[in-house]
$ cat run03.txt   # compact mmCIF, C-alpha atoms
# COMPACT_ATOMS: atom_id res chain seq x y z
CA MET G 241 118.49 80.43 103.79
CA SER G 242 116.92 77.30 102.39
CA VAL G 243 114.08 75.42 104.02
CA MET G 244 113.58 71.76 103.31
CA GLY G 245 111.21 71.57 100.35
CA GLN G 246 111.42 75.33 99.73
CA PRO G 247 113.75 77.28 97.43
CA PRO G 248 116.42 79.53 98.95
CA PHE G 249 114.94 82.78 100.20
CA ASP G 250 116.82 84.90 97.64
CA ALA G 251 115.01 82.93 94.92
CA VAL G 252 111.67 83.74 96.60
CA VAL G 253 112.57 87.44 96.58
CA ALA G 254 113.68 87.30 92.95
CA THR G 255 110.47 85.55 91.94
CA HIS G 256 107.92 87.60 93.89
CA HIS G 257 109.36 91.04 94.73
CA ALA G 258 108.15 92.85 91.59
CA GLU G 259 104.58 91.56 91.91
CA ILE G 260 104.37 92.33 95.63
CA HIS G 261 105.77 95.82 95.00
CA ARG G 262 103.19 96.45 92.22
CA TYR G 263 100.40 95.30 94.56
CA LEU G 264 101.61 97.63 97.31
CA LEU G 265 101.96 100.50 94.85
CA ARG G 266 98.37 100.01 93.73
CA THR G 267 97.09 99.91 97.30
CA THR G 268 99.09 102.88 98.61
CA ALA G 269 99.40 104.95 95.42
CA ARG G 270 102.83 106.18 96.58
CA ALA G 271 106.09 104.70 95.37
CA SER G 272 108.03 105.45 98.56
CA GLU G 273 105.39 103.81 100.78
CA ALA G 274 105.14 100.82 98.44
CA GLU G 275 108.91 100.34 98.56
CA ASP G 276 108.96 100.60 102.37
CA LEU G 277 106.09 98.13 102.71
CA ALA G 278 107.70 95.74 100.20
CA GLN G 279 110.95 95.79 102.17
CA GLU G 280 109.06 95.15 105.41
CA THR G 281 107.09 92.35 103.74
CA PHE G 282 110.25 90.51 102.72
CA LEU G 283 111.95 91.21 106.06
CA ARG G 284 109.04 89.62 107.91
CA ALA G 285 108.91 86.79 105.39
CA TYR G 286 112.62 86.15 105.87
CA ARG G 287 112.18 85.94 109.64
CA ALA G 288 109.32 83.45 109.33
CA TYR G 289 110.49 81.54 106.23
CA ARG G 290 111.85 78.55 108.15
CA THR G 291 108.40 77.96 109.71
CA LEU G 292 106.71 77.36 106.34
CA THR G 293 105.60 73.88 105.51
CA PRO G 294 106.98 72.35 102.28
CA ASP G 295 103.54 72.51 100.63
CA ALA G 296 102.91 76.16 101.56
CA ASN G 297 101.79 78.56 98.84
CA VAL G 298 104.62 81.10 99.14
CA ARG G 299 102.96 83.59 96.79
CA ALA G 300 99.71 83.64 98.78
CA TRP G 301 101.71 83.84 102.03
CA LEU G 302 103.62 86.89 100.77
CA PHE G 303 100.37 88.57 99.67
CA ALA G 304 98.92 87.94 103.14
CA ILE G 305 101.96 89.54 104.80
CA ALA G 306 101.80 92.52 102.43
CA THR G 307 98.06 92.91 102.99
CA ASN G 308 98.44 92.89 106.77
CA LEU G 309 101.23 95.44 106.62
CA THR G 310 99.11 97.64 104.36
CA ARG G 311 96.18 97.50 106.78
CA ASN G 312 98.46 98.37 109.68
CA HIS G 313 99.95 101.22 107.66
CA PHE G 314 96.53 102.74 106.99
CA ARG G 315 95.40 102.26 110.58
CA ALA G 316 98.55 103.91 111.94
CA GLU G 317 98.19 106.81 109.54
CA GLY G 318 94.51 107.21 110.45
CA ARG G 319 93.38 108.13 106.98
CA ARG G 320 92.83 106.73 103.57
CA ARG G 321 94.96 107.55 100.60
CA ARG G 322 93.72 110.29 98.32
CA ALA G 323 93.41 109.55 94.68
CA HIS G 324 96.77 109.97 93.03
CA ALA G 325 96.91 112.42 90.17
CA GLU G 326 99.74 110.97 88.19
CA VAL G 327 98.86 109.33 84.93
CA ARG G 328 101.05 106.39 84.05
CA ALA G 329 103.27 106.82 81.06
CA SER G 330 101.70 105.78 77.79
CA ARG G 331 102.42 102.31 76.58
CA ALA G 332 105.45 102.17 74.36
CA ALA G 333 103.59 100.24 71.70
CA ALA G 334 101.85 102.26 69.01
CA VAL G 335 98.10 102.59 69.33
CA ALA G 336 96.15 101.62 66.23
CA ASP G 337 93.81 104.63 66.38
CA GLY G 338 96.56 107.20 66.86
CA PRO G 339 97.46 109.66 69.60
CA GLU G 340 93.85 110.77 70.26
CA HIS G 341 92.86 107.23 71.14
CA ALA G 342 95.95 106.80 73.31
CA ALA G 343 95.13 110.02 75.17
CA LEU G 344 91.52 108.89 75.73
CA TYR G 345 92.68 105.47 76.88
CA ASN G 346 95.20 106.97 79.33
CA GLU G 347 92.61 109.41 80.65
CA ALA G 348 90.11 106.59 81.21
CA ARG G 349 92.76 104.43 82.84
CA ALA G 350 93.76 107.27 85.18
CA ARG G 351 90.10 107.78 86.09
CA VAL G 352 89.64 104.09 86.92
CA GLU G 353 92.85 104.09 89.00
CA ALA G 354 91.61 107.16 90.89
CA LEU G 355 88.27 105.45 91.54
CA VAL G 356 90.05 102.33 92.82
CA ALA G 357 92.21 104.48 95.10
CA ARG G 358 89.06 105.98 96.67
CA LEU G 359 87.42 102.62 97.44
CA PRO G 360 87.14 101.56 101.08
CA LEU G 361 90.32 99.71 102.04
CA LYS G 362 88.96 96.13 102.13
CA GLN G 363 87.19 96.61 98.79
CA ARG G 364 90.32 98.12 97.24
CA LEU G 365 92.54 95.32 98.52
CA ALA G 366 90.09 92.61 97.42
CA PHE G 367 89.63 94.23 93.98
CA VAL G 368 93.38 94.53 93.35
CA LEU G 369 94.10 91.00 94.58
CA ARG G 370 91.35 89.54 92.36
CA ARG G 371 91.35 91.68 89.22
CA ILE G 372 95.02 92.63 88.98
CA HIS G 373 96.81 89.70 90.62
CA ASP G 374 94.20 87.05 89.76
CA LEU G 375 94.09 85.44 93.20
CA ASP G 376 91.21 83.13 94.06
CA TYR G 377 88.61 84.15 96.65
CA ASP G 378 89.90 81.70 99.28
CA THR G 379 93.37 83.26 99.11
CA ILE G 380 91.89 86.77 99.21
CA ALA G 381 89.79 85.76 102.21
CA ARG G 382 92.87 84.56 104.09
CA SER G 383 94.70 87.79 103.24
CA LEU G 384 91.80 89.95 104.44
CA ASP G 385 90.90 87.71 107.38
CA CYS G 386 87.33 87.18 106.21
CA SER G 387 85.23 84.49 104.58
CA SER G 388 85.40 83.66 100.88
CA GLU G 389 81.87 85.00 100.54
CA SER G 390 82.93 88.31 102.10
CA ALA G 391 85.93 88.50 99.80
CA ARG G 392 83.63 87.93 96.82
CA ALA G 393 81.27 90.62 98.15
CA HIS G 394 84.13 93.10 98.56
CA VAL G 395 85.14 92.58 94.91
CA PHE G 396 81.51 92.82 93.76
CA GLN G 397 80.93 96.06 95.72
CA ALA G 398 84.16 97.54 94.36
CA LEU G 399 83.14 96.73 90.78
CA ARG G 400 79.65 98.15 91.37
CA LYS G 401 81.07 101.41 92.76
CA ILE G 402 83.50 101.74 89.87
CA ARG G 403 80.73 101.14 87.31
CA VAL G 404 78.38 103.63 88.99
CA SER G 405 81.16 106.23 89.18
CA LEU G 406 81.91 105.84 85.49
CA ASP G 407 78.26 106.71 84.74
CA GLY G 408 78.00 103.86 82.29
CA ARG G 409 80.67 105.27 79.97
CA GLU G 410 82.57 102.75 77.92
CA LEU G 411 86.31 102.66 78.33
CA PRO G 412 88.29 102.78 75.11
CA HIS G 413 90.11 99.53 74.44
CA GLN G 414 93.90 99.56 74.21
CA GLU G 415 95.14 97.68 71.17
$ encode --input "run03.txt" --output "structure tokens"
Amino acid sequence: MSVMGQPPFDAVVATHHAEIHRYLLRTTARASEAEDLAQETFLRAYRAYRTLTPDANVRAWLFAIATNLTRNHFRAEGRRRRAHAEVRASRAAAVADGPEHAALYNEARARVEALVARLPLKQRLAFVLRRIHDLDYDTIARSLDCSSESARAHVFQALRKIRVSLDGRELPHQE
């Protein structure tokens, strides 16, 4: 389906599916839930695609749909996600300081991911949208149905909680 001024919907999926899926994976911490929510995001987007205006920001629109579905998912489930225990696979690239540094980096990264997973939902969503997907505060505010100032505050509170939880420890830098 092509909308005047918009690319065909299959091009929208090809362009944005991976990023939306990564966002949902970070917010749910479960691959199966992220995949289900990504499919539902694009199903709803497909149904509403013809209503978009030619100047619409499709990326922001998809993030808003995904965010709303995530909120509904957590409400329906009645609980927040527990911190996931899996540590992502090490980067394929060699680490300059050797395997000890890579192990420390991966441990620190897993700790930060666990802290993010335990944040209150709005703070977690705002943090991921801003710090991982680099969305502006106005777009985050529309996704979370709040003001730009509230979106900024959610990100600030998330960062503060992460810093406090890390007890001021420095994270090793990945080369």
$ closest_residue --input "run03.txt" --among "G:Val252, G:Leu384, G:Lys401, G:Ala285" --to "Asn312 in chain G" --atoms "all atoms listed in the file"
G:Leu384
$ atom_distance --input "run03.txt" --atom1 "CA of Val404 in chain G" --atom2 "CA of Glu353 in chain G"
14.5 Å
$ residues_around --input "run03.txt" --residues "Ala306 in chain G" --least-positions-apart "2" --cutoff "8 Å" --atoms "all atoms listed in the file" --output "list of chain:residue names"
G:Ile260, G:Leu264, G:Leu277, G:Ala278, G:Thr281, G:Leu302, G:Phe303, G:Ala304, G:Asn308, G:Leu309, G:Thr310
$ atom_distance --input "run03.txt" --atom1 "CA of Thr307 in chain G" --atom2 "CA of Ala254 in chain G"
19.4 Å
$ closest_residue --input "run03.txt" --among "G:Arg349, G:Arg299, G:Arg266, G:His313" --to "Leu365 in chain G" --atoms "only C-alpha atoms"
G:Arg266
$ closest_residue --input "run03.txt" --among "G:Asn297, G:Thr268, G:Thr379, G:Ser388" --to "Arg364 in chain G" --atoms "only C-alpha atoms"
G:Thr268
$ atom_distance --input "run03.txt" --atom1 "CA of Asp295 in chain G" --atom2 "CA of Arg370 in chain G"
22.5 Å
